[in-house]
$ cat coords-v4.tsv   # TSV, C-alpha atoms
chain	number	residue	atom	x	y	z
A	1	MET	CA	40.92	59.11	-44.51
A	2	SER	CA	44.35	58.90	-46.07
A	3	ARG	CA	45.02	56.75	-49.10
A	4	LEU	CA	47.40	54.53	-47.13
A	5	ALA	CA	44.96	53.92	-44.29
A	6	SER	CA	42.33	52.68	-46.75
A	7	HIS	CA	44.65	49.82	-47.79
A	8	PRO	CA	45.84	47.99	-44.64
A	9	ALA	CA	47.81	45.41	-46.67
A	10	LYS	CA	49.78	48.16	-48.39
A	11	THR	CA	50.34	49.85	-45.04
A	12	LEU	CA	51.64	46.58	-43.62
A	13	ALA	CA	53.85	46.09	-46.65
A	14	ARG	CA	55.29	49.59	-46.38
A	15	HIS	CA	55.83	49.19	-42.64
A	16	ARG	CA	57.81	46.02	-43.26
A	17	GLY	CA	59.69	47.60	-46.14
A	18	ASP	CA	58.60	44.92	-48.57
A	19	ARG	CA	55.84	45.58	-51.06
A	20	LYS	CA	55.59	41.92	-52.11
A	21	HIS	CA	54.89	40.60	-48.60
A	22	VAL	CA	51.15	41.16	-48.72
A	23	LEU	CA	48.42	38.56	-48.64
A	24	SER	CA	48.17	37.84	-52.33
A	25	PRO	CA	49.08	35.03	-54.70
A	26	ARG	CA	52.09	37.07	-55.77
A	27	GLY	CA	53.37	37.39	-52.19
A	28	ARG	CA	56.49	35.61	-50.95
A	29	SER	CA	56.24	32.06	-49.70
A	30	PRO	CA	57.51	31.19	-46.21
A	31	PHE	CA	59.33	28.30	-47.91
A	32	GLU	CA	61.12	30.56	-50.37
A	33	ALA	CA	64.90	30.28	-50.00
A	34	ARG	CA	66.43	33.52	-48.79
A	35	ALA	CA	69.69	34.57	-47.25
A	36	LEU	CA	69.77	34.64	-43.47
A	37	ARG	CA	72.33	36.39	-41.38
A	38	PRO	CA	74.93	33.91	-40.19
A	39	GLU	CA	74.72	32.70	-36.61
A	40	PRO	CA	77.62	31.07	-34.76
A	41	PRO	CA	77.20	27.29	-34.32
A	42	HIS	CA	77.26	27.52	-30.51
A	43	ARG	CA	74.34	29.96	-30.56
A	44	LEU	CA	72.30	27.67	-32.84
A	45	PHE	CA	73.10	24.69	-30.60
A	46	THR	CA	72.12	26.63	-27.48
A	47	MET	CA	68.83	27.74	-29.05
A	48	GLY	CA	67.99	24.16	-30.05
A	49	LEU	CA	68.97	22.76	-26.67
A	50	LEU	CA	66.90	25.31	-24.75
A	51	THR	CA	63.94	24.71	-27.04
A	52	SER	CA	64.13	20.98	-26.34
A	53	ILE	CA	64.70	21.31	-22.60
A	54	LEU	CA	61.89	23.85	-22.07
A	55	ASN	CA	59.39	21.87	-24.15
A	56	PRO	CA	56.80	20.48	-21.71
A	57	LYS	CA	55.70	17.81	-24.20
A	58	VAL	CA	58.96	15.94	-23.62
A	59	ALA	CA	58.43	15.78	-19.86
A	60	ILE	CA	54.81	14.69	-20.31
A	61	PHE	CA	55.93	12.01	-22.78
A	62	TYR	CA	58.57	10.64	-20.41
A	63	LEU	CA	56.24	10.69	-17.41
A	64	SER	CA	53.29	9.11	-19.20
A	65	ILE	CA	54.82	6.61	-21.63
A	66	PHE	CA	58.14	5.42	-20.18
A	67	PRO	CA	56.92	3.97	-16.85
A	68	GLN	CA	55.07	1.17	-18.61
A	69	PHE	CA	58.37	-0.01	-20.14
A	70	VAL	CA	60.39	0.12	-16.92
A	71	SER	CA	60.17	-2.79	-14.51
A	72	PRO	CA	62.05	-3.00	-11.19
A	73	ALA	CA	62.12	-6.79	-11.65
A	74	HIS	CA	64.40	-6.41	-14.68
A	75	GLY	CA	67.20	-4.49	-12.98
A	76	SER	CA	68.02	-0.91	-12.19
A	77	VAL	CA	65.19	1.49	-12.93
A	78	LEU	CA	67.74	4.24	-13.57
A	79	ALA	CA	69.65	2.12	-16.11
A	80	GLN	CA	66.44	1.15	-17.92
A	81	SER	CA	65.31	4.77	-18.02
A	82	LEU	CA	68.67	5.91	-19.39
A	83	VAL	CA	68.63	3.25	-22.11
A	84	LEU	CA	65.10	4.22	-23.14
A	85	GLY	CA	66.08	7.90	-23.08
A	86	LEU	CA	69.13	7.27	-25.26
A	87	ILE	CA	67.05	5.28	-27.75
A	88	GLN	CA	64.55	8.14	-27.90
A	89	ILE	CA	67.32	10.73	-28.35
A	90	PHE	CA	68.94	8.71	-31.15
A	91	THR	CA	65.59	8.24	-32.90
A	92	SER	CA	64.67	11.93	-32.57
A	93	PHE	CA	68.08	13.02	-33.81
A	94	SER	CA	67.84	10.74	-36.85
A	95	VAL	CA	64.34	11.89	-37.76
A	96	ASN	CA	65.19	15.59	-37.27
A	97	LEU	CA	68.36	15.21	-39.36
A	98	LEU	CA	66.35	13.59	-42.15
A	99	ILE	CA	63.74	16.36	-42.02
A	100	THR	CA	66.47	19.03	-42.10
A	101	LEU	CA	68.24	17.49	-45.07
A	102	CYS	CA	64.98	17.05	-46.99
A	103	ALA	CA	63.84	20.60	-46.22
A	104	ALA	CA	67.18	22.05	-47.34
A	105	GLY	CA	67.05	20.09	-50.58
A	106	LEU	CA	63.41	21.05	-51.15
A	107	ALA	CA	64.16	24.76	-50.55
A	108	ARG	CA	67.08	24.56	-53.00
A	109	TRP	CA	64.89	22.81	-55.57
A	110	PHE	CA	62.13	25.43	-55.22
A	111	ALA	CA	64.74	28.21	-55.59
A	112	GLN	CA	65.85	26.68	-58.89
A	113	ASN	CA	62.27	26.00	-60.08
A	114	PRO	CA	60.16	29.11	-59.43
A	115	TYR	CA	57.30	27.71	-61.55
A	116	TRP	CA	56.78	24.86	-59.07
A	117	LEU	CA	56.97	27.30	-56.17
A	118	ARG	CA	54.02	29.15	-57.70
A	119	VAL	CA	52.21	25.82	-58.26
A	120	GLN	CA	52.81	24.90	-54.61
A	121	LYS	CA	51.48	28.27	-53.43
A	122	TRP	CA	48.32	28.00	-55.55
A	123	LEU	CA	47.79	24.37	-54.55
A	124	MET	CA	48.08	25.20	-50.85
A	125	ALA	CA	45.80	28.22	-51.28
A	126	THR	CA	43.22	26.00	-52.99
A	127	VAL	CA	43.42	23.40	-50.23
A	128	LEU	CA	43.07	26.03	-47.48
A	129	VAL	CA	40.14	27.74	-49.21
A	130	GLY	CA	38.49	24.34	-49.66
A	131	LEU	CA	38.91	23.56	-45.97
A	132	ALA	CA	37.57	26.99	-45.02
A	133	LEU	CA	34.52	26.50	-47.23
A	134	ARG	CA	33.93	23.04	-45.78
A	135	LEU	CA	34.06	24.48	-42.26
A	136	ALA	CA	31.77	27.34	-43.21
A	137	MET	CA	29.20	25.02	-44.83
A	138	GLU	CA	29.28	22.40	-42.06
A	139	GLN	CA	26.21	22.36	-39.91
A	140	ARG	CA	26.72	23.14	-36.25
A	141	ARG	CA	26.09	20.33	-33.82
A	142	THR	CA	24.20	21.16	-30.68
A	143	VAL	CA	25.03	19.39	-27.46
$ encode --input "coords-v4.tsv" --output "structure tokens"
Amino acid sequence: MSRLASHPAKTLARHRGDRKHVLSPRGRSPFEARALRPEPPHRLFTMGLLTSILNPKVAIFYLSIFPQFVSPAHGSVLAQSLVLGLIQIFTSFSVNLLITLCAAGLARWFAQNPYWLRVQKWLMATVLVGLALRLAMEQRRTV
């Protein structure tokens, strides 16, 4: 057996061309700020729009939640549906904008404070190991 084949993580790292992207505490965080190739704004908009349109959760939400707020006795069903849809779009846009701005600021802050990036990685690793141990030690319930 070759030396490379005996270390699958090193093989994966070599295949990806990045020795630090292995499963270890010294690996790179998915939240680490890094340069991305620039994309034209229309492409980013199209990707976001298609993601939203093709998301079945939105259709299920509209079909299951909105009918209880629409009443034919209060006027046009179409007008009520459009108003509710616009309120939902405005709310979603505001929340997504806030998340984007916070994430960008957090990524910038972590880039300037590598110590806290390491703390975050170790903290998350500890939490995930704790959850894994809890799951492993939990007794199985029989039905």
$ residues_near_point --input "coords-v4.tsv" --point "(63.3, 2.5, -16.3)" --cutoff "8 Å" --atoms "all atoms listed in the file" --output "list in words"
Phe66, Pro67, Phe69, Val70, Ser71, Pro72, Ser76, Val77, Leu78, Ala79, Gln80, Ser81, Leu82, Val83 and Leu84 of chain A
$ closest_residue --input "coords-v4.tsv" --among "A:Arg108, A:Leu117, A:Gly75, A:Ile53" --to "A:Ala35" --atoms "only C-alpha atoms"
A:Arg108
$ atom_distance --input "coords-v4.tsv" --atom1 "atom CA of A:Gly85" --atom2 "atom CA of A:Tyr62"
8.4 Å
$ atom_distance --input "coords-v4.tsv" --atom1 "atom CA of A:Thr46" --atom2 "atom CA of A:Asn96"
16.3 Å
$ atom_distance --input "coords-v4.tsv" --atom1 "atom CA of A:Ile60" --atom2 "atom CA of A:Gly48"
18.9 Å
$ axis_aligned_box --input "coords-v4.tsv" --around "stretch 120-137 of chain A" --padding-each-side "3 Å" --output "lines of an AutoDock Vina configuration file"
center_x = 41.0
center_y = 25.7
center_z = -48.9
size_x = 29.6
size_y = 11.2
size_z = 19.3
$ decode --input "coords-v4.tsv" --residues "stretch 87-102 of chain A" --atoms "all heavy atoms" --output "short mmCIF file (atom, residue, chain, number, x, y, z; two decimals), in the first residue's frame"
data_model
loop_
_atom_site.label_atom_id
_atom_site.label_comp_id
_atom_site.auth_asym_id
_atom_site.auth_seq_id
_atom_site.Cartn_x
_atom_site.Cartn_y
_atom_site.Cartn_z
N ILE A 87 -45.93 42.12 1.88
CA ILE A 87 -45.47 42.23 3.27
C ILE A 87 -44.42 41.15 3.55
O ILE A 87 -43.38 41.42 4.17
CB ILE A 87 -46.66 42.11 4.25
CG1 ILE A 87 -47.54 43.36 4.16
CG2 ILE A 87 -46.18 41.89 5.69
CD1 ILE A 87 -48.85 43.24 4.91
N GLN A 88 -44.68 39.94 3.07
CA GLN A 88 -43.73 38.85 3.30
C GLN A 88 -42.42 39.11 2.56
O GLN A 88 -41.34 38.87 3.09
CB GLN A 88 -44.35 37.52 2.85
CG GLN A 88 -43.63 36.31 3.34
CD GLN A 88 -42.55 35.82 2.39
OE1 GLN A 88 -42.66 35.99 1.19
NE2 GLN A 88 -41.53 35.22 2.94
N ILE A 89 -42.49 39.63 1.34
CA ILE A 89 -41.27 39.94 0.58
C ILE A 89 -40.47 41.03 1.28
O ILE A 89 -39.24 40.93 1.41
CB ILE A 89 -41.64 40.35 -0.87
CG1 ILE A 89 -42.11 39.13 -1.64
CG2 ILE A 89 -40.46 41.01 -1.57
CD1 ILE A 89 -42.73 39.46 -3.00
N PHE A 90 -41.13 42.08 1.74
CA PHE A 90 -40.44 43.16 2.44
C PHE A 90 -39.77 42.64 3.71
O PHE A 90 -38.61 42.97 3.99
CB PHE A 90 -41.42 44.30 2.77
CG PHE A 90 -40.80 45.37 3.60
CD1 PHE A 90 -39.94 46.29 3.01
CD2 PHE A 90 -41.05 45.46 4.96
CE1 PHE A 90 -39.34 47.29 3.77
CE2 PHE A 90 -40.45 46.45 5.72
CZ PHE A 90 -39.60 47.38 5.13
N THR A 91 -40.50 41.83 4.47
CA THR A 91 -39.94 41.28 5.71
C THR A 91 -38.74 40.37 5.42
O THR A 91 -37.69 40.49 6.06
CB THR A 91 -41.02 40.49 6.47
OG1 THR A 91 -42.14 41.35 6.69
CG2 THR A 91 -40.51 39.98 7.79
N SER A 92 -38.88 39.50 4.44
CA SER A 92 -37.77 38.60 4.07
C SER A 92 -36.56 39.37 3.60
O SER A 92 -35.43 39.06 3.97
CB SER A 92 -38.21 37.63 2.99
OG SER A 92 -39.22 36.79 3.46
N PHE A 93 -36.80 40.40 2.76
CA PHE A 93 -35.69 41.20 2.27
C PHE A 93 -34.96 41.88 3.42
O PHE A 93 -33.73 41.88 3.48
CB PHE A 93 -36.21 42.26 1.27
CG PHE A 93 -35.13 43.19 0.79
CD1 PHE A 93 -34.25 42.80 -0.19
CD2 PHE A 93 -34.99 44.45 1.35
CE1 PHE A 93 -33.24 43.65 -0.63
CE2 PHE A 93 -34.00 45.31 0.92
CZ PHE A 93 -33.12 44.91 -0.06
N SER A 94 -35.71 42.44 4.36
CA SER A 94 -35.10 43.14 5.50
C SER A 94 -34.28 42.19 6.36
O SER A 94 -33.15 42.50 6.74
CB SER A 94 -36.18 43.79 6.36
OG SER A 94 -36.93 44.70 5.61
N VAL A 95 -34.84 41.03 6.65
CA VAL A 95 -34.12 40.05 7.47
C VAL A 95 -32.86 39.54 6.74
O VAL A 95 -31.78 39.46 7.33
CB VAL A 95 -35.05 38.88 7.86
CG1 VAL A 95 -34.27 37.73 8.47
CG2 VAL A 95 -36.13 39.36 8.80
N ASN A 96 -32.99 39.22 5.46
CA ASN A 96 -31.83 38.74 4.70
C ASN A 96 -30.75 39.81 4.58
O ASN A 96 -29.56 39.50 4.64
CB ASN A 96 -32.26 38.25 3.32
CG ASN A 96 -33.00 36.93 3.39
OD1 ASN A 96 -32.82 36.15 4.31
ND2 ASN A 96 -33.86 36.70 2.43
N LEU A 97 -31.15 41.07 4.41
CA LEU A 97 -30.17 42.17 4.35
C LEU A 97 -29.44 42.28 5.68
O LEU A 97 -28.21 42.42 5.71
CB LEU A 97 -30.87 43.48 4.00
CG LEU A 97 -29.96 44.70 3.92
CD1 LEU A 97 -28.95 44.54 2.79
CD2 LEU A 97 -30.80 45.96 3.71
N LEU A 98 -30.16 42.20 6.78
CA LEU A 98 -29.54 42.27 8.10
C LEU A 98 -28.57 41.12 8.31
O LEU A 98 -27.45 41.32 8.80
CB LEU A 98 -30.63 42.25 9.18
CG LEU A 98 -30.17 42.41 10.62
CD1 LEU A 98 -29.55 43.79 10.82
CD2 LEU A 98 -31.35 42.24 11.56
N ILE A 99 -28.96 39.91 7.92
CA ILE A 99 -28.08 38.75 8.05
C ILE A 99 -26.82 38.94 7.21
O ILE A 99 -25.70 38.66 7.65
CB ILE A 99 -28.82 37.45 7.66
CG1 ILE A 99 -29.86 37.11 8.71
CG2 ILE A 99 -27.85 36.29 7.47
CD1 ILE A 99 -30.81 36.00 8.30
N THR A 100 -26.98 39.43 5.98
CA THR A 100 -25.84 39.64 5.09
C THR A 100 -24.87 40.66 5.67
O THR A 100 -23.65 40.45 5.68
CB THR A 100 -26.33 40.10 3.70
OG1 THR A 100 -27.21 39.11 3.19
CG2 THR A 100 -25.18 40.31 2.75
N LEU A 101 -25.40 41.77 6.15
CA LEU A 101 -24.53 42.81 6.71
C LEU A 101 -23.81 42.31 7.96
O LEU A 101 -22.62 42.59 8.14
CB LEU A 101 -25.35 44.06 7.01
CG LEU A 101 -25.93 44.78 5.79
CD1 LEU A 101 -26.82 45.94 6.23
CD2 LEU A 101 -24.83 45.26 4.87
N CYS A 102 -24.51 41.57 8.81
CA CYS A 102 -23.88 41.04 10.02
C CYS A 102 -22.82 40.00 9.67
O CYS A 102 -21.75 39.98 10.27
CB CYS A 102 -24.93 40.44 10.95
SG CYS A 102 -25.99 41.66 11.72
#
